[in-house]
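See structure below.
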Amino acid sequence: MYTSILTEVDGAIGILTLNKGERHNAFDDVLIAEITAGLRELEADRRVRVVVLSATGKSFCAGADLDWMKRAAGYTPEENFADARKLADLMAALNGLAKPTVARVHGPAYGGGVGLIACCDIAVATYDALFALTEVKLGIIPAVIGPYVLAAIGERYSRRYMLSAERFSAAEAYRIGLVHEIAPGVEQLDEAIGKILDSLLKNGPQAQAECKQLIRAVSGAAIDTALMEDTAQRITRVRASQEGTEGLTAFLEKRKPAWVAG
Ligand code: COA
């Protein structure tokens with residue numbers, strides 16, 4: 001069904017793999033449409049609790065396909081905008097996924113590749129992963145990925161790396177908060193991700209979805225009466241929910257909550 005991605009369900013883990021390795025997983029209209037569809041598929045699949053974003057080939061993702069970018073520049077302004085909007089929709093879909101997302105990063109991740117990582121909840125990379133926001137080198141800007149990159153690494157490092165287009169290492173990506181963990185090779189990368197997945201799968205799925213909504217709602221918001229009301233409303237609702245009741249009762253009864261398989 002897909003030509004540029006693979007989707008797989010392994011127990012409660014949904015894996016979406018960028019599979020255009022010969023093109024360094026650079027995204028054109030087909031890859032953008034397929035990642036968006038693949039995310040929707042895994043979000044809707046009731047077996048899937050967590051989504052891993054992975055890639056085949058030498059690079060995690062070389063960002064936008066520059067032939068596609070150049071082609072789009074020749075479209076009518078309306079078509080050009082509609083095309084750009086699809087990339088914005090993809091980033092919003094990944095960022096807004098209700099299920100926890102983990103980026104499994106190896107090799108270069110440039111431009112939109114950094115955007116994909118910034119849209120995931122958790123990111124782990126190999127030591128040899130490389131990162132860059134190369135857009136200005138090409139006379140363009142990291143526009144649709146901008147909000148997510150800023151949220152991940154903050155304004156200070158965004159200013160440096162968006163303006164200089166310097167390549168930076170996995171160690172630097174770790175230091176500035178783009179990735180949460182780095183691993184010497186792919187074997188250790190998978191071990192590290194396995195441990196994170198184990199932790200993710202022990203927690204209440206509804207609570208995780210609510211947490212993601214909470215983070216989006218409060219991030220950058222002024223701490224005023226309205227925000228206090230909103231956060232109090234959230235815990236009021238969630239602790240009275242079926243999952244909240246089960247989680248609290250299971251703890252007090254010294255047993256595993258019902259959502260933990262086995
Ligand atoms: N769009 C279109 N084609 C791309 C591409 C992209 N983003 N990135 C790589 N390619 C193509 C190259 O043009 C080349 O095509 P060719 O074999 O027809 O000449 C092929 O992929 C291999 O690239 P090459 O540079 O020879 O491989 P490499 O292993 O030395 O380096 C990258 C791989 C990804 C590090 C390097 O190609 C690169 O820096 N690409 C640009 C990435 C970028 O700036 N993206 C941001 C876009 S906003």
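Here's how to read the names in the structure tokens: chain A, B, ... by the order shown, residue numbers from 1 in each chain, ligand numbers from 1 in the order shown.
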Task: 8 Å shell around ligand 1 using only C-alpha atoms and all ligand atoms, listed as a PyMOL selection string - done: chain A and resi 22-27+58-59+61-68+108-113+132-135+137-138+140-142
Surrounding residues of Ala171 of chain A excluding itself and chain neighbours under 2 positions, 12 Å, only C-alpha atoms, as a PDB file with N, CA, C and O atoms, in the first residue's frame:
ATOM      1  N   VAL A 124      16.032   9.455  20.762  1.00  0.00           N
ATOM      2  CA  VAL A 124      17.295   8.802  21.111  1.00  0.00           C
ATOM      3  C   VAL A 124      18.096   8.683  19.816  1.00  0.00           C
ATOM      4  O   VAL A 124      17.545   8.361  18.759  1.00  0.00           O
ATOM      5  N   ALA A 125      19.402   8.965  19.896  1.00  0.00           N
ATOM      6  CA  ALA A 125      20.222   8.963  18.678  1.00  0.00           C
ATOM      7  C   ALA A 125      21.521   8.212  18.902  1.00  0.00           C
ATOM      8  O   ALA A 125      22.011   8.110  20.037  1.00  0.00           O
ATOM      9  N   THR A 126      22.108   7.724  17.807  1.00  0.00           N
ATOM     10  CA  THR A 126      23.436   7.111  17.893  1.00  0.00           C
ATOM     11  C   THR A 126      24.489   8.230  17.948  1.00  0.00           C
ATOM     12  O   THR A 126      24.239   9.352  17.503  1.00  0.00           O
ATOM     13  N   TYR A 127      25.667   7.894  18.469  1.00  0.00           N
ATOM     14  CA  TYR A 127      26.744   8.894  18.580  1.00  0.00           C
ATOM     15  C   TYR A 127      27.066   9.519  17.226  1.00  0.00           C
ATOM     16  O   TYR A 127      27.501  10.653  17.151  1.00  0.00           O
ATOM     17  N   ASP A 128      26.925   8.731  16.140  1.00  0.00           N
ATOM     18  CA  ASP A 128      27.327   9.275  14.837  1.00  0.00           C
ATOM     19  C   ASP A 128      26.189  10.017  14.111  1.00  0.00           C
ATOM     20  O   ASP A 128      26.365  10.439  12.966  1.00  0.00           O
ATOM     21  N   ALA A 129      25.070  10.201  14.783  1.00  0.00           N
ATOM     22  CA  ALA A 129      23.994  11.001  14.153  1.00  0.00           C
ATOM     23  C   ALA A 129      24.490  12.442  14.001  1.00  0.00           C
ATOM     24  O   ALA A 129      25.277  12.921  14.818  1.00  0.00           O
ATOM     25  N   LEU A 130      24.037  13.089  12.950  1.00  0.00           N
ATOM     26  CA  LEU A 130      24.441  14.480  12.704  1.00  0.00           C
ATOM     27  C   LEU A 130      23.186  15.297  12.463  1.00  0.00           C
ATOM     28  O   LEU A 130      22.225  14.796  11.866  1.00  0.00           O
ATOM     29  N   PHE A 131      23.252  16.547  12.877  1.00  0.00           N
ATOM     30  CA  PHE A 131      22.060  17.390  12.799  1.00  0.00           C
ATOM     31  C   PHE A 131      22.417  18.724  12.163  1.00  0.00           C
ATOM     32  O   PHE A 131      23.540  19.210  12.334  1.00  0.00           O
ATOM     33  N   ARG A 167      26.534  22.211  11.096  1.00  0.00           N
ATOM     34  CA  ARG A 167      26.227  20.829  11.466  1.00  0.00           C
ATOM     35  C   ARG A 167      26.588  20.633  12.920  1.00  0.00           C
ATOM     36  O   ARG A 167      27.590  21.165  13.376  1.00  0.00           O
ATOM     37  N   PHE A 168      25.763  19.910  13.674  1.00  0.00           N
ATOM     38  CA  PHE A 168      26.154  19.623  15.057  1.00  0.00           C
ATOM     39  C   PHE A 168      25.990  18.144  15.372  1.00  0.00           C
ATOM     40  O   PHE A 168      25.227  17.429  14.738  1.00  0.00           O
ATOM     41  N   SER A 169      26.788  17.733  16.366  1.00  0.00           N
ATOM     42  CA  SER A 169      26.912  16.310  16.694  1.00  0.00           C
ATOM     43  C   SER A 169      25.755  15.834  17.569  1.00  0.00           C
ATOM     44  O   SER A 169      24.987  16.635  18.119  1.00  0.00           O
ATOM     45  N   ALA A 173      23.428  17.737  20.240  1.00  0.00           N
ATOM     46  CA  ALA A 173      21.959  17.591  20.212  1.00  0.00           C
ATOM     47  C   ALA A 173      21.451  17.182  21.591  1.00  0.00           C
ATOM     48  O   ALA A 173      20.395  17.628  22.042  1.00  0.00           O
ATOM     49  N   TYR A 174      22.240  16.352  22.266  1.00  0.00           N
ATOM     50  CA  TYR A 174      21.897  15.920  23.628  1.00  0.00           C
ATOM     51  C   TYR A 174      22.002  17.109  24.584  1.00  0.00           C
ATOM     52  O   TYR A 174      21.122  17.361  25.398  1.00  0.00           O
ATOM     53  N   ARG A 175      23.085  17.869  24.433  1.00  0.00           N
ATOM     54  CA  ARG A 175      23.326  19.000  25.344  1.00  0.00           C
ATOM     55  C   ARG A 175      22.221  20.054  25.244  1.00  0.00           C
ATOM     56  O   ARG A 175      21.805  20.617  26.248  1.00  0.00           O
ATOM     57  N   ILE A 176      21.740  20.290  24.023  1.00  0.00           N
ATOM     58  CA  ILE A 176      20.740  21.363  23.860  1.00  0.00           C
ATOM     59  C   ILE A 176      19.300  20.841  23.956  1.00  0.00           C
ATOM     60  O   ILE A 176      18.360  21.597  23.812  1.00  0.00           O
ATOM     61  N   GLY A 177      19.164  19.545  24.196  1.00  0.00           N
ATOM     62  CA  GLY A 177      17.829  19.012  24.477  1.00  0.00           C
ATOM     63  C   GLY A 177      17.042  18.508  23.275  1.00  0.00           C
ATOM     64  O   GLY A 177      15.866  18.181  23.409  1.00  0.00           O
ATOM     65  N   LEU A 178      17.702  18.437  22.111  1.00  0.00           N
ATOM     66  CA  LEU A 178      16.968  17.905  20.947  1.00  0.00           C
ATOM     67  C   LEU A 178      16.753  16.407  21.087  1.00  0.00           C
ATOM     68  O   LEU A 178      15.710  15.886  20.701  1.00  0.00           O
ATOM     69  N   VAL A 179      17.755  15.707  21.625  1.00  0.00           N
ATOM     70  CA  VAL A 179      17.587  14.275  21.895  1.00  0.00           C
ATOM     71  C   VAL A 179      17.802  14.034  23.392  1.00  0.00           C
ATOM     72  O   VAL A 179      18.550  14.759  24.036  1.00  0.00           O
ATOM     73  N   HIS A 180      17.136  13.025  23.900  1.00  0.00           N
ATOM     74  CA  HIS A 180      17.183  12.769  25.346  1.00  0.00           C
ATOM     75  C   HIS A 180      18.299  11.831  25.743  1.00  0.00           C
ATOM     76  O   HIS A 180      18.703  11.790  26.912  1.00  0.00           O
ATOM     77  N   GLU A 181      18.740  11.020  24.794  1.00  0.00           N
ATOM     78  CA  GLU A 181      19.749  10.024  25.117  1.00  0.00           C
ATOM     79  C   GLU A 181      20.564   9.774  23.873  1.00  0.00           C
ATOM     80  O   GLU A 181      20.033   9.878  22.750  1.00  0.00           O
ATOM     81  N   ILE A 182      21.849   9.423  24.054  1.00  0.00           N
ATOM     82  CA  ILE A 182      22.655   9.027  22.894  1.00  0.00           C
ATOM     83  C   ILE A 182      23.276   7.669  23.192  1.00  0.00           C
ATOM     84  O   ILE A 182      23.541   7.332  24.350  1.00  0.00           O
ATOM     85  N   ALA A 183      23.490   6.901  22.127  1.00  0.00           N
ATOM     86  CA  ALA A 183      23.962   5.523  22.282  1.00  0.00           C
ATOM     87  C   ALA A 183      25.095   5.284  21.288  1.00  0.00           C
ATOM     88  O   ALA A 183      25.064   5.810  20.171  1.00  0.00           O
ATOM     89  N   PRO A 184      26.112   4.469  21.690  1.00  0.00           N
ATOM     90  CA  PRO A 184      27.273   4.284  20.819  1.00  0.00           C
ATOM     91  C   PRO A 184      26.934   3.708  19.439  1.00  0.00           C
ATOM     92  O   PRO A 184      27.567   4.073  18.452  1.00  0.00           O
TER      93      PRO A 184
END
Task: Residues within 10 Å of Ser241 of chain A, only C-alpha atoms, excluding chain neighbours under 6 positions, as a list of chain:residue names - done: A:Gln206, A:Ala207, A:Ile235, A:Gly247
Convert the current residue selection to file output with N, CA and C atoms, as a tab-separated table (two decimals), in the first residue's frame.
chain	number	residue	atom	x	y	z
A	206	GLN	N	-4.65	6.62	28.81
A	206	GLN	CA	-5.46	7.86	28.80
A	206	GLN	C	-4.70	8.97	29.50
A	207	ALA	N	-4.04	8.60	30.61
A	207	ALA	CA	-3.28	9.61	31.36
A	207	ALA	C	-2.16	10.18	30.49
A	235	ILE	N	-7.21	17.72	36.58
A	235	ILE	CA	-7.00	16.64	37.56
A	235	ILE	C	-8.33	16.19	38.16
A	247	GLY	N	-5.96	3.21	38.50
A	247	GLY	CA	-4.55	3.43	38.84
A	247	GLY	C	-4.36	3.65	40.32
- [ ] Skip Ala258 of chain A itself and residues of its chain fewer than 4 positions away, then list as a list in words all residues within 9 Å of it, counting only C-alpha atoms.
- [x]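 After dropping sequence-adjacent residues, the list is Glu243, Glu246, Gly247 and Ala250 of chain A.
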- [ ] Per DSSP on the backbone, filter segment 33-225 of chain A down to the residues in helix (DSSP H, G or I) and report them as an MDAnalysis selection string.
- [x] chainID A and resid 33:44 66:73 77:95 112:119 135:138 146:164 170:175 186:201 205:218 225
Open item on the list: For the structure I just gave you, how does DSSP split segment 111-243 of chain A - specifically, which residues are strand (DSSP E or B)? Reply as a list in words.
Closed with: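 Filtering segment 111-243 of chain A to strand (DSSP E or B) leaves Ile122, Ala123, Val124, Ala125, Thr126, Leu130, Phe131, Ala132, Arg167, Phe168, Ser169, Glu181, Ile182 and Ala183 of chain A.
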Tell me, counting only C-alpha atoms, for each residue of segment 4-39 of chain A within 12 Å of segment 81-95 of chain A, which pair of atoms is nearest and how far apart they are in Å to one decimal, in rows ordered by chain and increasing number, as a tab-separated table.
residue	atom	partner	partner_atom	distance
A:Leu16	CA	A:Leu94	CA	11.2
A:Phe27	CA	A:Leu87	CA	9.0
A:Asp28	CA	A:Leu87	CA	9.2
A:Asp29	CA	A:Asp83	CA	7.5
A:Val30	CA	A:Lys86	CA	10.6
A:Leu31	CA	A:Leu87	CA	10.0
A:Ile32	CA	A:Leu87	CA	6.4
A:Ala33	CA	A:Lys86	CA	7.7
A:Glu34	CA	A:Leu90	CA	9.6
A:Ile35	CA	A:Leu90	CA	7.3
A:Thr36	CA	A:Leu90	CA	5.4
A:Ala37	CA	A:Leu90	CA	9.1
A:Gly38	CA	A:Leu94	CA	10.3
A:Leu39	CA	A:Leu94	CA	7.0
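Between atom CA of Leu248 of chain A and atom CA of Ser219 of chain A the interatomic distance comes to 26.7 Å.
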Task: Proximity to Arg239 of chain A - best of A:Glu187, A:Glu210, A:Glu8, A:Glu41, only C-alpha atoms - done: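 Closest residue, counting only C-alpha atoms: A:Glu210.
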